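Okay, run-v7.cif is below, mmCIF, C-alpha atoms and all ligand atoms:
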```cif
data_model
loop_
_atom_site.label_atom_id
_atom_site.label_comp_id
_atom_site.auth_asym_id
_atom_site.auth_seq_id
_atom_site.Cartn_x
_atom_site.Cartn_y
_atom_site.Cartn_z
CA MET T 892 -7.30 -15.87 -12.50
CA HIS T 893 -8.74 -12.52 -11.49
CA SER T 894 -11.27 -12.55 -8.70
CA GLN T 895 -12.75 -9.19 -9.51
CA ARG T 896 -13.56 -7.64 -12.85
CA ILE T 897 -12.89 -3.90 -13.03
CA VAL T 898 -14.14 -1.90 -16.00
CA TYR T 899 -12.46 1.25 -17.32
CA VAL T 900 -15.66 3.21 -17.82
CA ALA T 901 -14.38 6.52 -19.17
CA GLY T 902 -11.24 8.61 -19.58
CA PRO T 903 -10.26 11.33 -17.11
CA GLU T 904 -11.75 14.06 -19.30
CA ALA T 905 -15.29 12.76 -18.63
CA HIS T 906 -17.38 14.62 -16.06
CA ARG T 907 -18.94 12.67 -13.18
CA GLU T 908 -22.36 12.69 -14.89
CA GLN T 909 -20.95 11.42 -18.19
CA ALA T 910 -18.99 8.66 -16.46
CA GLY T 911 -22.08 7.76 -14.41
CA SER T 912 -24.21 7.48 -17.57
CA ALA T 913 -21.57 5.36 -19.30
CA ALA T 914 -21.45 3.04 -16.27
CA ALA T 915 -25.25 2.83 -16.03
CA ALA T 916 -25.44 1.93 -19.74
CA GLN T 917 -23.26 -1.11 -18.98
CA GLY T 918 -25.27 -2.03 -15.89
CA LEU T 919 -22.47 -0.93 -13.57
CA ALA T 920 -22.62 0.90 -10.24
CA GLU T 921 -21.52 4.52 -9.77
CA PRO T 922 -17.93 4.76 -11.07
CA ALA T 923 -14.96 6.16 -9.12
CA LEU T 924 -12.19 8.39 -10.46
CA LEU T 925 -8.59 7.21 -10.23
CA GLN T 926 -6.91 10.49 -9.34
CA ARG T 927 -3.74 11.22 -7.45
CA ARG T 928 -1.90 14.48 -6.86
CA GLY T 929 -3.75 16.39 -9.54
CA THR T 930 -3.46 13.68 -12.22
CA ALA T 931 -6.68 11.90 -13.14
CA LEU T 932 -6.29 8.62 -15.01
CA GLY T 933 -9.87 7.48 -15.62
CA TRP T 934 -13.17 6.27 -14.19
CA ILE T 935 -13.50 2.67 -13.00
CA ALA T 936 -16.32 0.47 -11.70
CA ALA T 937 -16.51 -3.13 -10.50
CA ARG T 938 -18.54 -5.49 -12.69
CA HIS T 939 -18.18 -8.67 -10.76
CA ARG T 940 -17.64 -9.11 -7.04
CA PRO T 941 -17.19 -12.78 -6.17
CA THR T 942 -18.61 -14.07 -2.91
CA THR T 943 -16.44 -17.16 -2.63
CA ILE T 944 -12.67 -17.56 -2.63
CA ARG T 945 -11.23 -20.45 -4.64
CA ALA T 946 -8.09 -21.78 -2.98
CA GLU T 947 -6.50 -22.91 -6.24
CA ALA T 948 -6.97 -19.44 -7.80
CA VAL T 949 -5.30 -17.78 -4.79
CA ALA T 950 -2.40 -20.25 -4.90
CA ARG T 951 -1.94 -19.78 -8.66
CA ALA T 952 -1.85 -15.99 -8.30
CA TRP T 953 0.59 -16.18 -5.37
CA ARG T 954 2.96 -18.42 -7.34
CA ALA T 955 2.79 -16.01 -10.28
CA SER T 956 3.49 -12.98 -7.98
CA GLN T 957 0.12 -11.51 -8.89
CA ALA T 958 -1.96 -9.43 -6.50
CA PHE T 959 -5.11 -11.22 -5.38
CA LEU T 960 -8.25 -9.76 -3.80
CA LEU T 961 -10.03 -11.60 -0.98
CA PRO T 962 -13.36 -9.74 -1.03
CA GLY T 963 -14.99 -9.11 2.33
CA LEU T 964 -12.59 -11.50 4.11
CA VAL T 965 -12.44 -9.44 7.32
CA GLN T 966 -15.70 -7.53 6.94
CA ALA T 967 -17.33 -9.28 9.91
CA ARG T 968 -14.52 -8.07 12.19
CA LEU T 969 -15.00 -4.35 11.45
CA ALA T 970 -17.95 -3.82 13.80
CA GLU T 971 -16.08 -4.84 16.97
CA HIS T 972 -13.39 -2.25 16.15
CA ARG T 973 -15.70 0.59 15.11
CA GLN T 974 -14.60 2.77 18.02
CA HIS T 975 -10.88 2.10 17.40
CA ILE T 976 -11.29 3.00 13.73
CA HIS T 977 -13.16 6.18 14.67
CA GLN T 978 -10.37 7.14 17.11
CA ALA T 979 -7.66 6.43 14.52
CA LEU T 980 -9.38 8.57 11.90
CA HIS T 981 -9.64 11.38 14.46
CA LEU T 982 -5.94 10.99 15.31
CA ALA T 983 -4.98 11.22 11.63
CA ALA T 984 -7.20 14.29 11.15
CA GLN T 985 -5.53 16.00 14.12
CA VAL T 986 -2.05 15.23 12.76
CA ALA T 987 -3.09 16.46 9.30
CA ALA T 988 -4.31 19.68 10.94
CA GLY T 989 -0.87 20.25 12.48
CA ASP T 990 -0.96 18.65 15.94
CA ASP T 991 2.20 16.86 17.09
CA PRO T 992 1.85 13.06 16.99
CA SER T 993 3.94 12.78 20.19
CA GLU T 994 1.50 15.03 22.07
CA LEU T 995 -1.49 13.03 20.82
CA LEU T 996 0.07 9.63 21.48
CA GLY T 997 1.21 10.75 24.92
CA ARG T 998 -2.34 11.16 26.21
CA PHE T 999 -5.65 9.29 26.43
CA PRO T 1000 -6.37 6.75 25.00
CA TYR T 1001 -2.91 6.08 23.55
CA ARG T 1002 -0.87 6.48 26.73
CA GLU T 1003 -3.10 3.93 28.48
CA ARG T 1004 -2.74 1.54 25.55
CA THR T 1005 1.05 1.68 25.38
CA GLU T 1006 2.07 1.97 29.07
CA PRO T 1007 3.53 0.14 30.91
CA ARG T 1008 4.68 -2.18 28.10
CA PHE T 1009 6.17 0.59 25.97
CA GLU T 1010 7.88 3.76 27.10
CA LEU T 1011 8.03 6.79 24.82
CA LEU T 1012 11.64 7.96 25.07
CA ALA T 1013 11.92 10.70 22.49
CA ALA T 1014 10.22 12.43 19.59
CA PHE T 1015 12.18 14.08 16.78
CA GLN T 1016 12.12 14.92 13.11
CA ASP T 1017 14.63 13.34 10.75
CA GLU T 1018 16.07 16.30 8.87
CA GLY T 1019 17.02 14.12 5.93
CA ASP T 1020 13.41 13.09 5.32
CA ASP T 1021 11.18 15.95 4.17
CA GLN T 1022 8.03 13.83 4.21
CA GLU T 1023 8.45 12.91 7.85
CA ILE T 1024 6.29 14.67 10.41
CA GLU T 1025 7.72 13.06 13.52
CA THR T 1026 9.47 9.90 14.68
CA LEU T 1027 8.50 8.58 18.09
CA GLU T 1028 11.09 6.36 19.72
CA TYR T 1029 9.99 3.72 22.22
CA GLU T 1030 11.49 0.91 24.21
CA ALA T 1031 9.60 -2.22 25.23
CA LEU T 1032 9.61 -3.13 28.89
CA GLY T 1033 9.24 -6.55 30.46
CA GLY T 1034 9.54 -7.94 33.98
CA ALA T 1035 13.32 -7.68 33.93
CA GLY T 1036 13.50 -4.22 32.39
CA VAL T 1037 14.10 -3.22 28.75
CA VAL T 1038 13.37 -6.10 26.37
CA ALA T 1039 13.60 -4.25 23.02
CA GLU T 1040 15.33 -0.95 22.26
CA ASN T 1041 14.96 1.71 19.60
CA LEU T 1042 11.51 0.77 18.37
CA TRP T 1043 9.84 3.55 16.47
CA CYS T 1044 6.64 4.85 14.99
CA LYS T 1045 7.38 7.15 12.07
CA VAL T 1046 4.54 9.47 11.06
CA SER T 1047 4.90 10.79 7.50
CA TRP T 1048 3.08 12.52 4.71
CA LEU T 1049 2.75 10.39 1.58
CA SER T 1050 3.64 13.30 -0.70
CA PHE T 1051 4.82 16.90 -0.74
CA GLU T 1052 1.55 18.15 -2.28
CA GLU T 1053 -0.39 20.76 -0.33
CA ASP T 1054 -3.74 19.28 -1.35
CA ASP T 1055 -2.88 15.67 -0.46
CA ALA T 1056 -3.35 15.02 3.27
CA SER T 1057 -2.48 11.30 3.04
CA LEU T 1058 -0.56 10.05 6.10
CA ARG T 1059 1.04 6.88 7.29
CA PHE T 1060 2.19 5.52 10.65
CA ARG T 1061 5.05 3.09 10.10
CA PHE T 1062 6.34 0.78 12.84
CA SER T 1063 9.85 -0.61 12.82
CA PHE T 1064 13.15 -0.34 14.67
CA GLY T 1065 16.80 0.62 14.32
CA LEU T 1066 18.19 2.63 11.45
CA ALA T 1067 15.38 3.27 8.94
CA GLY T 1068 16.30 2.10 5.46
CA TYR T 1069 19.55 0.41 6.49
CA GLN T 1070 18.42 -2.29 8.89
CA ASP T 1071 18.20 -5.94 7.85
CA VAL T 1072 14.91 -6.04 9.72
CA ALA T 1073 14.09 -9.71 9.17
CA ALA T 1074 17.36 -10.70 10.87
CA ASP T 1075 16.07 -9.35 14.18
CA LEU T 1076 12.79 -11.18 14.68
CA ARG T 1077 12.48 -10.20 18.33
CA ARG T 1078 12.50 -6.47 17.62
CA GLU T 1079 10.25 -6.98 14.59
CA LEU T 1080 7.71 -8.62 16.87
CA TYR T 1081 7.93 -5.86 19.50
CA ALA T 1082 7.49 -3.17 16.82
CA ALA T 1083 4.42 -5.12 15.63
CA ARG T 1084 3.06 -5.18 19.21
CA LEU T 1085 3.58 -1.42 19.47
CA CYS T 1086 1.42 -1.02 16.35
CA GLU T 1087 -1.19 -3.33 17.85
CA ALA T 1088 -1.20 -1.23 21.06
CA ILE T 1089 -1.63 2.14 19.33
CA PHE T 1090 -4.03 0.81 16.70
CA PRO T 1091 -5.97 -2.11 18.28
CA GLU T 1092 -7.89 -2.46 15.02
CA SER T 1093 -4.69 -4.16 13.76
CA ALA T 1094 -6.33 -7.30 15.13
CA ILE T 1095 -8.76 -7.19 12.19
CA LEU T 1096 -5.85 -8.59 10.16
CA SER T 1097 -3.47 -10.06 12.70
CA ARG T 1098 -6.07 -12.19 14.49
CA ASP T 1099 -8.14 -13.23 11.52
CA PRO T 1100 -8.27 -17.04 11.32
CA GLY T 1101 -9.46 -16.99 7.70
CA LEU T 1102 -6.43 -15.01 6.54
CA GLN T 1103 -4.12 -17.22 8.59
CA ALA T 1104 -5.62 -20.30 6.93
CA VAL T 1105 -5.06 -18.82 3.46
CA LEU T 1106 -1.46 -17.84 4.26
CA ARG T 1107 -0.71 -21.23 5.81
CA ILE T 1108 -1.65 -22.85 2.51
CA LEU T 1109 0.29 -20.31 0.43
CA LEU T 1110 3.47 -20.40 2.50
CA GLY T 1111 3.31 -23.99 3.68
CA SER T 1112 4.01 -22.90 7.24
CA GLU T 1113 2.00 -22.97 10.45
CA ARG T 1114 4.02 -20.25 12.14
CA LEU T 1115 3.58 -16.81 10.65
CA ALA T 1116 3.95 -13.26 11.90
CA TYR T 1117 2.74 -9.86 10.66
CA VAL T 1118 5.64 -7.43 10.87
CA GLU T 1119 6.88 -4.10 9.45
CA ARG T 1120 3.41 -2.71 9.87
CA ILE T 1121 2.05 0.45 8.29
CA VAL T 1122 -1.30 2.06 9.04
CA TYR T 1123 -2.37 4.24 6.10
CA PHE T 1124 -4.80 7.11 5.97
CA ASN T 1125 -5.16 7.74 2.24
CA ALA T 1126 -6.85 11.09 1.64
CA PRO T 1127 -8.57 12.48 -1.47
CA ASN T 1128 -6.08 13.18 -4.28
CA GLY T 1129 -3.57 10.92 -2.48
CA GLY T 1130 -2.27 7.37 -2.52
CA ALA T 1131 0.97 5.74 -3.60
CA GLN T 1132 2.80 5.69 -6.93
CA PHE T 1133 3.75 2.37 -8.54
CA HIS T 1134 6.27 0.55 -6.30
CA GLN T 1135 7.14 -2.82 -4.75
CA ASP T 1136 7.66 -3.71 -1.06
CA VAL T 1137 10.32 -6.41 -1.27
CA GLU T 1138 12.16 -6.97 2.01
CA ARG T 1139 14.60 -9.82 2.43
CA GLY T 1140 13.14 -12.49 4.70
CA HIS T 1141 9.52 -11.42 4.11
CA GLU T 1142 7.14 -13.32 1.83
CA GLY T 1143 4.69 -10.59 0.95
CA VAL T 1144 2.30 -7.93 2.18
CA VAL T 1145 -1.31 -8.23 3.26
CA PHE T 1146 -3.40 -5.09 2.91
CA ALA T 1147 -6.81 -4.61 4.50
CA GLN T 1148 -9.17 -1.76 3.75
CA ILE T 1149 -10.97 -0.89 6.98
CA HIS T 1150 -12.55 2.50 6.21
CA GLY T 1151 -13.31 4.13 2.87
CA ARG T 1152 -12.28 2.68 -0.48
CA THR T 1153 -9.06 2.48 -2.48
CA GLY T 1154 -8.48 1.83 -6.18
CA TRP T 1155 -5.47 -0.20 -7.27
CA LEU T 1156 -3.38 -1.04 -10.29
CA ALA T 1157 -1.37 -4.12 -9.38
CA CYS T 1158 0.43 -6.90 -11.21
CA ALA T 1159 3.53 -9.06 -11.16
CA LYS T 1160 6.72 -7.27 -12.16
CA ALA T 1161 7.19 -9.53 -15.19
CA ARG T 1162 3.64 -8.77 -16.31
CA LEU T 1163 4.13 -5.04 -15.74
CA MET T 1164 7.24 -5.15 -17.93
CA ASP T 1165 5.25 -6.97 -20.64
CA GLU T 1166 2.65 -4.22 -20.55
CA ILE T 1167 5.25 -1.42 -20.59
CA GLN T 1168 7.07 -2.99 -23.54
CA GLY T 1169 3.83 -3.64 -25.40
CA PHE T 1170 2.65 -0.08 -24.88
CA VAL T 1171 5.90 1.72 -25.69
CA GLY T 1172 6.62 -0.51 -28.69
CA ASN T 1173 3.22 0.09 -30.28
CA PRO T 1174 3.56 2.66 -33.14
CA GLY T 1175 -0.07 3.63 -32.53
CA HIS T 1176 0.97 5.22 -29.22
CA THR T 1177 3.42 7.75 -30.70
CA GLU T 1178 1.10 10.72 -30.21
CA ILE T 1179 0.20 9.71 -26.67
CA LEU T 1180 3.88 9.47 -25.75
CA GLN T 1181 4.64 12.83 -27.43
CA GLU T 1182 1.98 14.45 -25.29
CA LEU T 1183 3.12 12.67 -22.12
CA LEU T 1184 6.84 13.36 -22.70
CA PRO T 1185 7.25 16.57 -24.74
CA ASP T 1186 11.05 16.34 -24.42
CA PRO T 1187 12.36 14.07 -27.24
CA CYS T 1188 15.26 12.99 -24.99
CA GLY T 1189 12.80 11.51 -22.50
CA ARG T 1190 10.96 9.62 -25.28
CA GLU T 1191 14.24 8.34 -26.70
CA GLU T 1192 15.36 7.12 -23.27
CA LEU T 1193 11.99 5.42 -22.71
CA ALA T 1194 12.17 3.64 -26.09
CA ARG T 1195 15.80 2.59 -25.61
CA ARG T 1196 15.50 1.23 -22.08
CA CYS T 1197 12.14 -0.43 -22.71
CA ALA T 1198 13.52 -2.29 -25.74
CA ASP T 1199 15.86 -4.26 -23.44
CA ARG T 1200 14.20 -6.26 -20.67
CA LEU T 1201 17.23 -6.20 -18.35
CA LEU T 1202 17.62 -2.43 -18.74
CA LEU T 1203 13.91 -1.98 -18.07
CA SER T 1204 14.02 -4.19 -14.98
CA ASP T 1205 16.91 -2.17 -13.53
CA TRP T 1206 15.27 1.13 -14.46
CA LEU T 1207 12.09 0.19 -12.60
CA GLU T 1208 14.11 -0.14 -9.38
CA GLN T 1209 15.84 3.23 -9.75
CA ASN T 1210 14.59 6.45 -8.17
CA ASP T 1211 15.61 8.70 -11.02
CA ASN T 1212 13.52 7.32 -13.90
CA GLU T 1213 11.19 10.15 -14.82
CA PRO T 1214 10.05 9.05 -18.32
CA LEU T 1215 9.09 5.63 -16.94
CA GLU T 1216 7.56 7.15 -13.81
CA MET T 1217 5.42 9.39 -16.08
CA LEU T 1218 4.20 6.39 -18.08
CA LEU T 1219 3.39 4.36 -14.96
CA ASN T 1220 1.71 7.10 -12.94
CA ARG T 1221 0.50 9.81 -15.29
CA CYS T 1222 -0.64 8.20 -18.53
CA PRO T 1223 -4.41 7.55 -18.78
CA ALA T 1224 -3.98 5.27 -21.84
CA PHE T 1225 -1.50 3.06 -19.98
CA CYS T 1226 -3.81 2.97 -16.95
CA ARG T 1227 -6.64 1.91 -19.25
CA ARG T 1228 -4.51 -0.88 -20.69
CA LEU T 1229 -3.71 -2.22 -17.21
CA VAL T 1230 -7.35 -2.11 -16.09
CA GLU T 1231 -8.55 -3.79 -19.29
CA ARG T 1232 -5.99 -6.56 -18.79
CA GLY T 1233 -7.23 -7.40 -15.32
CA CYS T 1234 -4.76 -5.40 -13.20
CA GLY T 1235 -7.38 -3.11 -11.60
CA HIS T 1236 -8.84 -3.66 -8.12
CA LEU T 1237 -11.38 -1.79 -6.05
CA LEU T 1238 -11.16 -2.33 -2.30
CA GLU T 1239 -14.10 -1.74 0.04
CA PRO T 1240 -14.07 -1.96 3.84
CA GLY T 1241 -13.38 -5.56 4.86
CA ASP T 1242 -11.51 -6.48 1.66
CA VAL T 1243 -7.98 -7.89 1.84
CA LEU T 1244 -5.43 -7.72 -0.96
CA LEU T 1245 -2.53 -10.19 -1.06
CA LEU T 1246 0.69 -8.80 -2.52
CA PRO T 1247 3.44 -11.43 -2.98
CA GLN T 1248 6.89 -9.87 -2.47
CA LYS T 1249 9.31 -12.78 -2.68
CA SER T 1250 12.18 -11.10 -4.52
CA LEU T 1251 12.89 -8.13 -6.78
CA ASP T 1252 12.02 -10.28 -9.82
CA GLN T 1253 9.06 -12.08 -8.23
CA CYS T 1254 6.85 -9.45 -6.67
CA ALA T 1255 3.61 -7.61 -7.24
CA TRP T 1256 4.06 -3.96 -8.19
CA HIS T 1257 1.20 -1.73 -7.13
CA SER T 1258 -0.22 1.76 -7.28
CA VAL T 1259 -2.92 3.06 -4.90
CA PHE T 1260 -5.63 5.74 -5.15
CA CYS T 1261 -8.11 7.15 -2.64
CA LEU T 1262 -11.58 6.84 -4.18
CA ASP T 1263 -13.63 8.90 -1.73
CA ASP T 1264 -13.96 12.55 -0.81
CA TYR T 1265 -12.83 11.75 2.75
CA PRO T 1266 -9.76 9.97 4.18
CA GLY T 1267 -9.88 6.21 4.67
CA GLU T 1268 -7.88 3.83 6.84
CA SER T 1269 -6.01 0.69 5.81
CA LEU T 1270 -3.59 -1.79 7.33
CA SER T 1271 -0.51 -2.96 5.44
CA PHE T 1272 1.49 -5.71 7.16
CA ALA T 1273 4.43 -7.76 5.88
CA VAL T 1274 4.16 -11.53 6.32
CA ARG T 1275 7.08 -13.71 7.39
CA GLU T 1276 7.68 -17.13 8.78
CA LEU T 1277 8.52 -17.37 12.46
CA THR T 1278 11.98 -18.75 12.91
CA ALA T 1279 13.80 -19.78 16.07
CA ASP T 1280 15.36 -16.62 17.51
FE FE T 1301 3.14 -1.01 -1.06
#
```
Please go through the file and, once you have read it, give me the structure as structure tokens.
Amino acid sequence: MHSQRIVYVAGPEAHREQAGSAAAAQGLAEPALLQRRGTALGWIAARHRPTTIRAEAVARAWRASQAFLLPGLVQARLAEHRQHIHQALHLAAQVAAGDDPSELLGRFPYRERTEPRFELLAAFQDEGDDQEIETLEYEALGGAGVVAENLWCKVSWLSFEEDDASLRFRFSFGLAGYQDVAADLRRELYAARLCEAIFPESAILSRDPGLQAVLRILLGSERLAYVERIVYFNAPNGGAQFHQDVERGHEGVVFAQIHGRTGWLACAKARLMDEIQGFVGNPGHTEILQELLPDPCGREELARRCADRLLLSDWLEQNDNEPLEMLLNRCPAFCRRLVERGCGHLLEPGDVLLLPQKSLDQCAWHSVFCLDDYPGESLSFAVRELTAD
């Protein structure tokens, strides 16, 4: 089922030279370290990179809520957007260095790209969100005046760590976190157009006929839209912890790597629960868990909740689940298990990853790592069917 074979070359304790030698001994290319916010999980390398995409394999993975890599799908489109990508990387670097996003987006080339279709009304910082840098509020203008209100671009850090400069620009509307976004298709589409105006390289995904053809087959619909868009700039030592992106009314997420590389652990929720239960229930892992969770209460809670599939499923969705969060994000042996069972991916510029997100039970969970010593850029768009508005 897996389109790409990733090898766990060496544990995090290995130096670059040791990992490189181990990879070379297996005939593999230079390995990359999965490391995020000071925690290294191991060295990986790709063994097999397919050049063709088999439709039945994509469909099978989508039905099973598994992530699926479409290698090089949009690679040919990168060249025509080279300048846009360069500008976006510069924008992210300026924001990371402390410049106000509203100042930067209020001048060339962004002002010219957004006006007169979008008017920047206000810029503010949500005091309840410590990771936010700035929210920019826009309205969309048409011939008859305002056609969509309270659209926003939210610029945020991906973590609180000083040495993780990862950023994201998220485009949506209304009350963040409370809005039933899919119920307001019109504003979803205007927020998507705002993203396309500020980051024209969005077209690498949104206008790709190959991706549209794949999604038409998967969703059985001719009329699709890319909404709830996020443009990521994952920086060294950054990325995203294990999570899902389920949103009612959306079918899944398409992710395109357009600069730099990212490493991924991704699998269906049911599969992830199998792996968690298999790992925690294995008596051979007692020492590993003692080292990971020195507090016996944390180990007891992990064992108890993992023994019951319903408890585990609920626990995964909670914010306050530290023992489980430690296992998922900070345990090299668990990372190794996932990679060895086909849940690892390595994305290069032009690669697209499909992440089905149908429901809380049928979705691909995923964890992302920056693999380079410089920030990359990626596009992450939700996919939905177009309905009559
Ligand atoms: Fe995600």
>> Using all atoms listed in the file for the distances, tell me which of T:Val965, T:Ala952, T:Ile1179, T:Ala1031 is nearest to Pro1223 of chain T.
In response: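 When distances to Pro1223 of chain T are compared using all atoms listed in the file, the smallest one comes from T:Ile1179.
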> Which one of T:Ser1093, T:Gln1135, T:Asn1173, T:Gln1168 sits closest to ligand FE 1301 (chain T) if you count all atoms listed in the file?
Replying inline: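 Of T:Ser1093, T:Gln1135, T:Asn1173, T:Gln1168, the one nearest ligand FE 1301 (chain T) is T:Gln1135, counting all atoms listed in the file.
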>> Give me, as a list in words, the set of residues whose atoms come within 10 Å of any atom of ligand FE 1301 (chain T), counting only C-alpha atoms and all ligand atoms.
In response: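 Using only C-alpha atoms and all ligand atoms, everything at most 10 Å from ligand FE 1301 (chain T) comes to Ile1121, Ala1131, Gln1132, Phe1133, His1134, Gln1135, Asp1136, Val1137, Gly1143, Val1144, Val1145, Phe1146, Ala1157, Leu1246, Gln1248, Ala1255, Trp1256, His1257, Ser1258, Val1259, Ser1271, Phe1272 and Ala1273 of chain T.
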Test item: which residues lie within 10 Å of (-5.9, 1.0, -20.2) counting all atoms listed in the file, as a short mmCIF file (atom, residue, chain, number, x, y, z; two decimals) with C-alpha atoms, keeping the file's coordinate frame:
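Generated file (selection12.cif):
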```cif
data_model
loop_
_atom_site.label_atom_id
_atom_site.label_comp_id
_atom_site.auth_asym_id
_atom_site.auth_seq_id
_atom_site.Cartn_x
_atom_site.Cartn_y
_atom_site.Cartn_z
CA VAL T 898 -14.14 -1.90 -16.00
CA TYR T 899 -12.46 1.25 -17.32
CA GLY T 902 -11.24 8.61 -19.58
CA LEU T 932 -6.29 8.62 -15.01
CA GLY T 933 -9.87 7.48 -15.62
CA PHE T 1170 2.65 -0.08 -24.88
CA CYS T 1222 -0.64 8.20 -18.53
CA PRO T 1223 -4.41 7.55 -18.78
CA ALA T 1224 -3.98 5.27 -21.84
CA PHE T 1225 -1.50 3.06 -19.98
CA CYS T 1226 -3.81 2.97 -16.95
CA ARG T 1227 -6.64 1.91 -19.25
CA ARG T 1228 -4.51 -0.88 -20.69
CA LEU T 1229 -3.71 -2.22 -17.21
CA VAL T 1230 -7.35 -2.11 -16.09
CA GLU T 1231 -8.55 -3.79 -19.29
CA ARG T 1232 -5.99 -6.56 -18.79
CA GLY T 1233 -7.23 -7.40 -15.32
CA CYS T 1234 -4.76 -5.40 -13.20
CA GLY T 1235 -7.38 -3.11 -11.60
#
```
>> So the first atom is atom CA of Asp991 of chain T and the second is atom CA of Arg973 of chain T; what is the distance between them in Å, to one decimal place?
In response: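 Result for atom CA of Asp991 of chain T versus atom CA of Arg973 of chain T: 24.3 Å, one decimal.
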>> Around (-15.5, -6.1, 4.4), as given in the file, which residues come within 12 Å? Count only C-alpha atoms and list them as a ChimeraX atom specification.
In response: /T:942,960-970,1095-1096,1147-1152,1238-1244,1269
>> So the first atom is atom CA of Gln974 of chain T and the second is atom CA of Pro1266 of chain T; what is the distance between them in Å, to one decimal place?
In response: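 Computed distance, atom CA of Gln974 of chain T to atom CA of Pro1266 of chain T, equals 16.3 Å.
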> So, counting all atoms listed in the file, which residue among T:Leu1218, T:Ala1074, T:Ala983, T:Ala1056 is closest to Val1122 of chain T?
Replying inline: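 The answer is T:Ala983, which sits nearest to Val1122 of chain T.
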> In terms of the shortest atom-to-atom distance over all atoms listed in the file, which of T:Ala1073, T:Leu1262, T:Ala1116, T:Ser1047 is closest to Arg1139 of chain T?
Replying inline: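 Ranked by minimum distance to Arg1139 of chain T, first place goes to T:Ala1073.
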>> I need the residue nearest Lys1249 of chain T from this list: T:Glu1142, T:Glu1166, T:Glu1268, T:Asp1211. Use all atoms listed in the file for the distance.
In response: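 Once distances to Lys1249 of chain T are computed over all atoms listed in the file, the minimum belongs to T:Glu1142.
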>> Please list as a PyMOL selection string every residue within 8 Å of segment 903-918 of chain T, counting all atoms listed in the file and excluding residues in the same chain fewer than 2 positions away.
In response: chain T and resi 900-901+920-922+924+931-934+936+1223
So that I can check the surroundings of Val1046 of chain T, please list as a PDB file with C-alpha atoms, in the frame of the given file every protein, DNA and RNA residue that reaches within 8 Å of it, counting all atoms listed in the file and ignoring chain neighbours fewer than 2 positions away.
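File produced: out-v5.pdb:
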```
ATOM      1  CA  PRO T 992       1.850  13.060  16.990  1.00  0.00           C
ATOM      2  CA  GLU T1023       8.450  12.910   7.850  1.00  0.00           C
ATOM      3  CA  ILE T1024       6.290  14.670  10.410  1.00  0.00           C
ATOM      4  CA  GLU T1025       7.720  13.060  13.520  1.00  0.00           C
ATOM      5  CA  THR T1026       9.470   9.900  14.680  1.00  0.00           C
ATOM      6  CA  CYS T1044       6.640   4.850  14.990  1.00  0.00           C
ATOM      7  CA  TRP T1048       3.080  12.520   4.710  1.00  0.00           C
ATOM      8  CA  LEU T1058      -0.560  10.050   6.100  1.00  0.00           C
ATOM      9  CA  ARG T1059       1.040   6.880   7.290  1.00  0.00           C
ATOM     10  CA  PHE T1060       2.190   5.520  10.650  1.00  0.00           C
ATOM     11  CA  ARG T1061       5.050   3.090  10.100  1.00  0.00           C
TER      12      ARG T1061
END
```
> Restricting the calculation to only C-alpha atoms, which member of T:Ala1039, T:Ile897, T:Ala946, T:Leu1202 is positioned closest to Arg1008 of chain T?
Replying inline: T:Ala1039
>> One decimal, in Å: what's the spacing between atom CA of Asp990 of chain T and atom CA of Arg1084 of chain T?
In response: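 Between these atoms lies a distance of 24.4 Å.
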For segment 1122-1128 of chain T, write N, CA, C and O atoms out as a compact mmCIF listing (two decimals), in the first residue's frame.
```
# COMPACT_ATOMS: atom_id res chain seq x y z
N VAL T 1122 -0.34 28.34 4.90
CA VAL T 1122 0.98 28.32 4.27
C VAL T 1122 2.00 28.20 5.41
O VAL T 1122 2.03 29.04 6.31
N TYR T 1123 2.77 27.12 5.38
CA TYR T 1123 3.72 26.82 6.45
C TYR T 1123 5.14 27.16 6.06
O TYR T 1123 5.56 26.93 4.90
N PHE T 1124 5.88 27.66 7.02
CA PHE T 1124 7.32 27.83 6.87
C PHE T 1124 7.97 27.08 8.04
O PHE T 1124 8.19 27.64 9.11
N ASN T 1125 8.18 25.79 7.83
CA ASN T 1125 8.78 24.97 8.89
C ASN T 1125 10.28 25.23 8.93
O ASN T 1125 10.97 25.13 7.92
N ALA T 1126 10.76 25.58 10.11
CA ALA T 1126 12.17 25.94 10.28
C ALA T 1126 12.91 24.82 11.02
O ALA T 1126 12.27 23.96 11.63
N PRO T 1127 14.26 24.82 10.96
CA PRO T 1127 15.01 23.79 11.66
C PRO T 1127 14.58 23.68 13.12
O PRO T 1127 14.31 24.69 13.76
N ASN T 1128 14.48 22.44 13.61
CA ASN T 1128 14.06 22.16 14.98
C ASN T 1128 12.55 22.37 15.17
O ASN T 1128 12.06 22.34 16.29
```
